[in-house]
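Visitor: The structure file upload00.pdb (PDB, C-alpha atoms) is provided below.
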ATOM      1  CA  MET A1273     120.049  63.054  62.410
ATOM      2  CA  SER A1274     123.614  63.076  63.713
ATOM      3  CA  MET A1275     125.254  60.159  65.521
ATOM      4  CA  TYR A1276     125.449  62.334  68.650
ATOM      5  CA  THR A1277     121.665  62.874  68.702
ATOM      6  CA  ILE A1278     120.998  59.169  68.096
ATOM      7  CA  GLY A1279     123.397  58.323  70.919
ATOM      8  CA  MET A1280     121.676  60.785  73.254
ATOM      9  CA  ILE A1281     118.176  59.444  72.487
ATOM     10  CA  THR A1282     119.348  55.829  72.874
ATOM     11  CA  GLY A1283     120.989  56.684  76.194
ATOM     12  CA  ILE A1284     117.870  58.398  77.532
ATOM     13  CA  LEU A1285     115.622  55.499  76.430
ATOM     14  CA  ALA A1286     117.979  52.934  77.986
ATOM     15  CA  ALA A1287     118.068  54.909  81.255
ATOM     16  CA  ALA A1288     114.246  55.184  81.267
ATOM     17  CA  LEU A1289     113.927  51.420  80.708
ATOM     18  CA  ILE A1290     116.389  50.599  83.502
ATOM     19  CA  MET A1291     114.597  53.014  85.860
ATOM     20  CA  ALA A1292     111.197  51.456  85.047
ATOM     21  CA  LEU A1293     112.508  47.923  85.678
ATOM     22  CA  PHE A1294     114.206  49.085  88.890
ATOM     23  CA  ALA A1295     111.017  50.827  90.121
ATOM     24  CA  LYS A1296     108.967  47.688  89.369
ATOM     25  CA  ARG A1297     111.423  45.530  91.303
ATOM     26  CA  ILE A1298     111.459  47.922  94.290
ATOM     27  CA  ASN A1299     107.637  48.016  94.300
ATOM     28  CA  LYS A1300     107.591  44.221  94.434
ATOM     29  CA  ILE A1301     110.113  44.107  97.314
ATOM     30  CA  ARG A1302     108.206  46.591  99.470
ATOM     31  CA  ARG A1303     104.754  45.212  98.457
ATOM     32  CA  GLY A1304     103.194  48.342  96.914
ATOM     33  CA  PRO A1305     103.799  52.075  97.243
ATOM     34  CA  CYS A1306     105.390  53.571 100.385
ATOM     35  CA  LYS A1307     103.058  53.804 103.374
ATOM     36  CA  TYR A1308     103.893  56.138 106.251
ATOM     37  CA  ASP A1309     102.074  56.278 109.561
ATOM     38  CA  GLU A1310     100.795  59.514 111.159
ATOM     39  CA  ARG A1311     103.962  60.177 113.214
ATOM     40  CA  GLN A1312     106.178  59.607 110.183
ATOM     41  CA  GLU A1313     104.075  61.986 108.036
ATOM     42  CA  LEU A1314     104.409  64.638 110.729
ATOM     43  CA  VAL A1315     108.191  64.191 110.916
ATOM     44  CA  ARG A1316     108.524  64.175 107.118
ATOM     45  CA  GLY A1317     106.520  67.403 106.942
ATOM     46  CA  ARG A1318     108.947  69.005 109.404
ATOM     47  CA  GLY A1319     111.851  67.595 107.401
ATOM     48  CA  PHE A1320     110.502  69.166 104.191
ATOM     49  CA  LYS A1321     110.163  72.490 106.020
ATOM     50  CA  TYR A1322     113.777  72.410 107.262
ATOM     51  CA  GLY A1323     115.006  71.362 103.801
ATOM     52  CA  PHE A1324     113.041  74.194 102.208
ATOM     53  CA  PHE A1325     114.441  76.761 104.654
ATOM     54  CA  THR A1326     117.951  75.442 103.999
ATOM     55  CA  LEU A1327     117.477  76.033 100.265
ATOM     56  CA  MET A1328     116.083  79.510 100.944
ATOM     57  CA  ALA A1329     119.012  80.377 103.227
ATOM     58  CA  TYR A1330     121.508  79.081 100.646
ATOM     59  CA  ASN A1331     119.912  81.140  97.865
ATOM     60  CA  LEU A1332     119.846  84.198 100.112
ATOM     61  CA  VAL A1333     123.534  83.850 101.025
ATOM     62  CA  LEU A1334     124.515  83.214  97.403
ATOM     63  CA  GLY A1335     122.333  86.052  96.148
ATOM     64  CA  THR A1336     123.806  88.476  98.690
ATOM     65  CA  ALA A1337     127.405  87.402  98.087
ATOM     66  CA  TYR A1338     127.142  87.520  94.303
ATOM     67  CA  MET A1339     124.624  90.307  93.763
ATOM     68  CA  ASP A1340     126.358  91.817  90.764
ATOM     69  CA  ALA A1341     128.065  88.899  89.033
ATOM     70  CA  ALA A1342     127.786  85.100  88.942
ATOM     71  CA  PRO A1343     130.310  83.250  91.165
ATOM     72  CA  GLU A1344     133.597  82.459  89.471
ATOM     73  CA  TRP A1345     134.269  79.258  91.428
ATOM     74  CA  CYS A1346     131.442  77.186  89.937
ATOM     75  CA  ASP A1347     129.101  77.049  86.962
ATOM     76  CA  MET A1348     125.400  77.950  87.134
ATOM     77  CA  LEU A1349     124.124  74.346  87.112
ATOM     78  CA  MET A1350     126.488  73.252  89.882
ATOM     79  CA  GLN A1351     125.476  76.276  91.932
ATOM     80  CA  ASN A1352     121.848  75.056  91.849
ATOM     81  CA  ILE A1353     122.826  71.424  92.431
ATOM     82  CA  ILE A1354     124.711  72.389  95.630
ATOM     83  CA  GLY A1355     121.562  74.087  96.975
ATOM     84  CA  VAL A1356     119.391  71.058  96.203
ATOM     85  CA  VAL A1357     121.976  68.676  97.678
ATOM     86  CA  LEU A1358     122.113  70.723 100.906
ATOM     87  CA  ALA A1359     118.304  70.793 101.204
ATOM     88  CA  VAL A1360     117.955  67.052 100.503
ATOM     89  CA  SER A1361     120.706  66.278 103.038
ATOM     90  CA  VAL A1362     118.869  68.203 105.764
ATOM     91  CA  PHE A1363     115.575  66.465 104.928
ATOM     92  CA  GLY A1364     117.175  63.005 104.712
ATOM     93  CA  VAL A1365     119.243  63.220 107.883
ATOM     94  CA  TYR A1366     116.307  64.640 109.893
ATOM     95  CA  CYS A1367     113.920  61.923 108.669
ATOM     96  CA  ILE A1368     116.415  59.080 109.149
ATOM     97  CA  TRP A1369     117.246  60.238 112.681
ATOM     98  CA  ASN A1370     113.536  60.420 113.566
ATOM     99  CA  ASP A1371     112.674  57.033 111.979
ATOM    100  CA  ALA A1372     110.536  58.533 109.227
ATOM    101  CA  TYR A1373     112.676  58.007 106.123
ATOM    102  CA  MET A1374     111.739  54.385 105.621
ATOM    103  CA  SER A1375     108.068  53.529 105.087
ATOM    104  CA  ILE A1376     106.226  50.820 107.054
ATOM    105  CA  ASN A1377     106.450  48.348 104.183
ATOM    106  CA  GLU A1378     110.173  48.757 103.458
ATOM    107  CA  SER A1379     112.900  46.473 104.692
ATOM    108  CA  PRO A1380     115.704  48.247 106.635
ATOM    109  CA  SER A1381     118.396  46.038 105.089
ATOM    110  CA  PHE A1382     117.197  46.907 101.566
ATOM    111  CA  VAL A1383     117.268  50.652 102.294
ATOM    112  CA  TYR A1384     120.673  50.301 103.955
ATOM    113  CA  PHE A1385     122.191  48.523 100.954
ATOM    114  CA  PHE A1386     120.404  50.939  98.599
ATOM    115  CA  PHE A1387     122.183  53.876 100.299
ATOM    116  CA  TRP A1388     125.601  52.233 100.081
ATOM    117  CA  GLY A1389     124.959  50.925  96.547
ATOM    118  CA  ILE A1390     123.853  54.253  95.070
ATOM    119  CA  GLY A1391     126.470  56.098  97.133
ATOM    120  CA  GLY A1392     129.239  53.764  95.967
ATOM    121  CA  LEU A1393     128.248  54.005  92.286
ATOM    122  CA  ASN A1394     128.118  57.805  92.401
ATOM    123  CA  LEU A1395     131.391  58.039  94.309
ATOM    124  CA  PHE A1396     133.044  55.776  91.730
ATOM    125  CA  SER A1397     131.700  57.908  88.899
ATOM    126  CA  GLY A1398     132.755  61.077  90.750
ATOM    127  CA  VAL A1399     136.285  59.765  91.343
ATOM    128  CA  MET A1400     136.549  58.853  87.634
ATOM    129  CA  ASN A1401     135.552  62.412  86.738
ATOM    130  CA  LEU A1402     138.102  63.698  89.252
ATOM    131  CA  VAL A1403     140.853  61.529  87.711
ATOM    132  CA  HIS A1404     139.943  62.730  84.206
ATOM    133  CA  GLY A1405     140.072  66.313  85.474
ATOM    134  CA  SER A1406     136.556  67.217  84.329
ATOM    135  CA  ILE A1407     135.245  68.313  87.748
ATOM    136  CA  VAL A1408     137.257  71.541  87.745
ATOM    137  CA  GLU A1409     137.706  73.291  84.395
ATOM    138  CA  ASP A1410     139.432  76.686  84.101
ATOM    139  CA  GLY A1411     139.307  77.000  87.882
ATOM    140  CA  ARG A1412     135.515  76.510  87.964
ATOM    141  CA  LEU A1413     133.648  73.630  89.558
ATOM    142  CA  THR A1414     131.525  72.028  86.804
ATOM    143  CA  PHE A1415     128.292  70.025  87.004
ATOM    144  CA  ARG A1416     130.372  66.844  86.664
ATOM    145  CA  GLY A1417     131.110  67.219  90.359
ATOM    146  CA  SER A1418     127.457  66.372  91.110
ATOM    147  CA  ASN A1419     128.205  62.606  91.155
ATOM    148  CA  LEU A1420     130.737  63.115  93.902
ATOM    149  CA  MET A1421     128.235  65.182  95.898
ATOM    150  CA  LEU A1422     125.428  62.634  95.416
ATOM    151  CA  GLY A1423     127.790  59.845  96.429
ATOM    152  CA  ALA A1424     128.747  61.770  99.561
ATOM    153  CA  ILE A1425     125.047  62.335 100.447
ATOM    154  CA  PHE A1426     124.141  58.662 100.181
ATOM    155  CA  VAL A1427     127.200  57.631 102.179
ATOM    156  CA  LEU A1428     126.179  60.227 104.792
ATOM    157  CA  PHE A1429     122.642  58.754 104.833
ATOM    158  CA  GLY A1430     124.129  55.269 105.261
ATOM    159  CA  ILE A1431     126.270  56.434 108.196
ATOM    160  CA  VAL A1432     123.345  58.242 109.885
ATOM    161  CA  PHE A1433     121.132  55.171 109.347
ATOM    162  CA  TRP A1434     123.770  52.935 110.952
ATOM    163  CA  MET A1435     124.290  55.380 113.858
ATOM    164  CA  ARG A1436     120.527  55.616 114.449
ATOM    165  CA  ASN A1437     120.117  51.826 114.539
ATOM    166  CA  HIS A1438     123.118  51.541 116.836
ATOM    167  CA  SER A1439     121.820  54.174 119.302
ATOM    168  CA  ARG A1440     118.275  52.718 119.219
ATOM    169  CA  ASN A1441     119.578  49.209 119.994
ATOM    170  CA  HIS A1442     121.592  50.682 122.858
ATOM    171  CA  ASP A1443     118.485  52.491 124.238
ATOM    172  CA  GLU A1444     116.386  49.321 124.032
ATOM    173  CA  GLU A1445     119.051  47.346 125.885
ATOM    174  CA  LEU A1446     118.924  49.915 128.703
ATOM    175  CA  GLN A1447     115.110  49.757 129.027
TER
ATOM    176  CA  MET B 432     105.348  61.650 130.095
ATOM    177  CA  LYS B 433     105.798  57.884 129.696
ATOM    178  CA  ASN B 434     102.716  55.824 128.981
ATOM    179  CA  LEU B 435     103.368  52.932 131.343
ATOM    180  CA  ARG B 436      99.753  51.771 131.178
ATOM    181  CA  LEU B 437     100.092  51.064 127.475
ATOM    182  CA  LYS B 438     103.360  49.246 128.041
ATOM    183  CA  SER B 439     101.927  47.076 130.827
ATOM    184  CA  ALA B 440      98.705  46.337 128.867
ATOM    185  CA  ARG B 441     100.831  45.219 125.933
ATOM    186  CA  ALA B 442     103.051  43.118 128.170
ATOM    187  CA  ALA B 443      99.982  41.562 129.850
ATOM    188  CA  LYS B 444      98.776  40.330 126.468
ATOM    189  CA  ASP B 445     102.306  39.147 125.643
ATOM    190  CA  ILE B 446     102.431  41.300 122.518
ATOM    191  CA  SER B 447     105.687  42.828 121.318
ATOM    192  CA  GLN B 448     105.946  46.412 120.040
ATOM    193  CA  GLN B 449     106.394  45.029 116.522
ATOM    194  CA  MET B 450     103.253  42.886 116.780
ATOM    195  CA  LEU B 451     101.156  45.760 118.117
ATOM    196  CA  ALA B 452     102.523  48.016 115.382
ATOM    197  CA  GLU B 453     101.461  45.515 112.724
ATOM    198  CA  LEU B 454      98.009  45.149 114.312
ATOM    199  CA  VAL B 455      97.340  48.897 114.216
ATOM    200  CA  GLY B 456      99.217  49.644 110.980
ATOM    201  CA  VAL B 457     102.053  51.848 112.211
ATOM    202  CA  SER B 458     105.822  51.461 112.554
ATOM    203  CA  ARG B 459     107.374  49.864 115.645
ATOM    204  CA  GLN B 460     109.178  53.148 116.337
ATOM    205  CA  THR B 461     105.806  54.932 116.597
ATOM    206  CA  ILE B 462     104.600  52.498 119.294
ATOM    207  CA  SER B 463     107.932  52.975 121.081
ATOM    208  CA  ALA B 464     107.563  56.781 120.844
ATOM    209  CA  ILE B 465     104.028  56.617 122.333
ATOM    210  CA  GLU B 466     105.228  54.438 125.230
ATOM    211  CA  LYS B 467     108.151  56.769 125.897
ATOM    212  CA  GLY B 468     105.850  59.795 125.758
ATOM    213  CA  ASP B 469     107.704  61.299 122.788
ATOM    214  CA  TYR B 470     104.658  61.237 120.510
ATOM    215  CA  ASN B 471     101.041  62.155 121.211
ATOM    216  CA  PRO B 472      98.877  59.904 118.978
ATOM    217  CA  THR B 473      95.681  60.986 117.229
ATOM    218  CA  ILE B 474      92.354  59.739 118.573
ATOM    219  CA  ARG B 475      92.130  57.379 115.588
ATOM    220  CA  LEU B 476      95.377  55.629 116.530
ATOM    221  CA  CYS B 477      94.408  55.604 120.232
ATOM    222  CA  ILE B 478      91.166  53.788 119.364
ATOM    223  CA  ALA B 479      93.019  51.287 117.154
ATOM    224  CA  ILE B 480      95.475  50.549 119.989
ATOM    225  CA  CYS B 481      92.638  50.167 122.503
ATOM    226  CA  LYS B 482      90.818  47.716 120.224
ATOM    227  CA  ALA B 483      94.010  45.710 119.666
ATOM    228  CA  LEU B 484      94.628  45.450 123.425
ATOM    229  CA  ASP B 485      90.945  45.033 124.472
ATOM    230  CA  LYS B 486      91.102  48.154 126.633
ATOM    231  CA  THR B 487      89.130  51.400 126.785
ATOM    232  CA  LEU B 488      90.471  54.881 126.015
ATOM    233  CA  ASP B 489      90.155  55.762 129.703
ATOM    234  CA  GLU B 490      92.218  52.784 130.770
ATOM    235  CA  LEU B 491      95.108  53.518 128.434
ATOM    236  CA  PHE B 492      95.130  57.222 127.685
ATOM    237  CA  TRP B 493      93.111  59.183 130.228
ATOM    238  CA  GLU B 494      95.207  60.793 132.940
TER
END
Write the structure described by the file as structure tokens, please.

Guide:
Amino acid sequence: MSMYTIGMITGILAAALIMALFAKRINKIRRGPCKYDERQELVRGRGFKYGFFTLMAYNLVLGTAYMDAAPEWCDMLMQNIIGVVLAVSVFGVYCIWNDAYMSINESPSFVYFFFWGIGGLNLFSGVMNLVHGSIVEDGRLTFRGSNLMLGAIFVLFGIVFWMRNHSRNHDEELQ
Amino acid sequence: MKNLRLKSARAAKDISQQMLAELVGVSRQTISAIEKGDYNPTIRLCIAICKALDKTLDELFWE
């Protein structure tokens, strides 16, 4: 077994362990799995629908534009990641704006810091990739740009979350 | 259409939106949406709200 394979397996196991510990900690903070009420489930269902249609539209546009050959500006993996990122953004923004992203048993401050924390880490990683020049290789956007995109999504979610809280507080003051 | 009867019944019992939400097991935003008339609750939630506020369905939800 080569050192590369051992390194890969160790990395995957370490990531799985960290994820399991993180999931356990989150479960403890929110006291069990996520619970959504009937209005939130309805909104989330609509959000999934809009996200799904976004992905379909993206694939349709891409398929029509590049019917004969794969796009030259990005690799195959990145092409799929962009579609998923767009769909998740639509779902996330719609649910956050309609107060259905966060479950009943989650703390708003935890979710808020989670967005900025994950967003910040991914942006940092993305900027490092940008500095090392691995995001664009031979004029093609590579999958290493996905960190930057994920970072941007979570920062967007954080901004929308803040805007929603701000507008809701304003509405309640008026009532 | 705003549900002012729900709002006044809640205020009469001196219960906040958050407290009512916890009593019936929904988010505070859902109670707010019902009061503002932005969300039409299921009969199950209507009954839970009525029980929490000691009111009948007619008193709170019948037009």

Visitor: Show me, as a list in words, every residue of chain A with an atom at most 12 Å from chain B, counting only C-alpha atoms.

Guide: Lys1307, Tyr1308, Asp1309, Glu1310, Arg1311, Gln1312, Glu1313, Leu1314, Val1315, Ile1368, Trp1369, Asn1370, Asp1371, Ala1372, Tyr1373, Met1374, Ser1375, Ile1376, Asn1377, Glu1378, Ser1379, Pro1380, Arg1436, Asn1437, Arg1440, Asn1441, Asp1443, Glu1444 and Gln1447 of chain A

Visitor: Find the smallest box with edges along x, y and z containing every listed atom of region 461-466 of chain B, then add 6 Å on each side and report centre and edge lengths in Å to one decimal, as JSON.

Guide:
{"center_x": 106.0, "center_y": 54.6, "center_z": 120.9, "size_x": 15.9, "size_y": 16.3, "size_z": 20.6}

Visitor: To one decimal in Å, tell me the separation between CA of Val1408 (chain A) and CA of Cys1346 (chain A).

Guide: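 So the two atoms, CA of Val1408 (chain A) and CA of Cys1346 (chain A), lie 8.4 Å apart.
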
Visitor: Using the chain letters and numbering of this document, enumerate as a VMD selection string the residues selected by the PyMOL selection byres ((chain A and resi 1326-1334) around 10).

Guide: chain A and resid 1320 to 1325 1335 to 1339 1342 to 1343 1351 to 1352 1354 to 1363

Visitor: Find the residues around region 1412-1425 of chain A up to 7 Å (all atoms listed in the file counted), leave out those fewer than 4 positions away in its own chain, and share them as a compact mmCIF listing (two decimals) with C-alpha atoms, in the coordinates of the input.

Guide:
# COMPACT_ATOMS: atom_id res chain seq x y z
CA GLU A 1344 133.60 82.46 89.47
CA TRP A 1345 134.27 79.26 91.43
CA CYS A 1346 131.44 77.19 89.94
CA ASP A 1347 129.10 77.05 86.96
CA LEU A 1349 124.12 74.35 87.11
CA MET A 1350 126.49 73.25 89.88
CA ILE A 1353 122.83 71.42 92.43
CA SER A 1361 120.71 66.28 103.04
CA ILE A 1390 123.85 54.25 95.07
CA GLY A 1391 126.47 56.10 97.13
CA GLY A 1392 129.24 53.76 95.97
CA ASN A 1394 128.12 57.80 92.40
CA LEU A 1395 131.39 58.04 94.31
CA SER A 1397 131.70 57.91 88.90
CA GLY A 1398 132.76 61.08 90.75
CA VAL A 1399 136.28 59.76 91.34
CA ASN A 1401 135.55 62.41 86.74
CA SER A 1406 136.56 67.22 84.33
CA ILE A 1407 135.24 68.31 87.75
CA VAL A 1408 137.26 71.54 87.74
CA PHE A 1429 122.64 58.75 104.83

Visitor: Env of Ser1381 (chain A): 12 Å cut, atoms = only C-alpha atoms, seq-sep filter 2 positions within chain, self excluded. Answer as a PDB file with C-alpha atoms, keeping the file's coordinate frame.

Guide:
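Here's the written file out.pdb:
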ATOM      1  CA  ILE A1301     110.113  44.107  97.314  1.00  0.00           C
ATOM      2  CA  ARG A1302     108.206  46.591  99.470  1.00  0.00           C
ATOM      3  CA  MET A1374     111.739  54.385 105.621  1.00  0.00           C
ATOM      4  CA  GLU A1378     110.173  48.757 103.458  1.00  0.00           C
ATOM      5  CA  SER A1379     112.900  46.473 104.692  1.00  0.00           C
ATOM      6  CA  VAL A1383     117.268  50.652 102.294  1.00  0.00           C
ATOM      7  CA  TYR A1384     120.673  50.301 103.955  1.00  0.00           C
ATOM      8  CA  PHE A1385     122.191  48.523 100.954  1.00  0.00           C
ATOM      9  CA  PHE A1386     120.404  50.939  98.599  1.00  0.00           C
ATOM     10  CA  PHE A1387     122.183  53.876 100.299  1.00  0.00           C
ATOM     11  CA  TRP A1388     125.601  52.233 100.081  1.00  0.00           C
ATOM     12  CA  GLY A1389     124.959  50.925  96.547  1.00  0.00           C
ATOM     13  CA  GLY A1430     124.129  55.269 105.261  1.00  0.00           C
ATOM     14  CA  PHE A1433     121.132  55.171 109.347  1.00  0.00           C
ATOM     15  CA  TRP A1434     123.770  52.935 110.952  1.00  0.00           C
ATOM     16  CA  ASN A1437     120.117  51.826 114.539  1.00  0.00           C
TER      17      ASN A1437
END

Visitor: For the file shown, what are the residues hit by the PyMOL selection byres ((chain B and resi 483) around 12), laid out as number ranges by chain?

Guide: B: 437, 440-441, 444, 446, 448, 450-456, 476-482, 484-488, 491

Visitor: May I ask for the distance between CA of Arg1316 (chain A) and CA of Gly1364 (chain A), given in Å to one decimal place?

Guide: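 It comes out at 9.1 Å.
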
Visitor: In Å, rounded to a single decimal, give me how far CA of Lys467 (chain B) is from CA of Met432 (chain B).

Guide: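 If I compute the distance from CA of Met432 (chain B) to CA of Lys467 (chain B), I get 7.0 Å.
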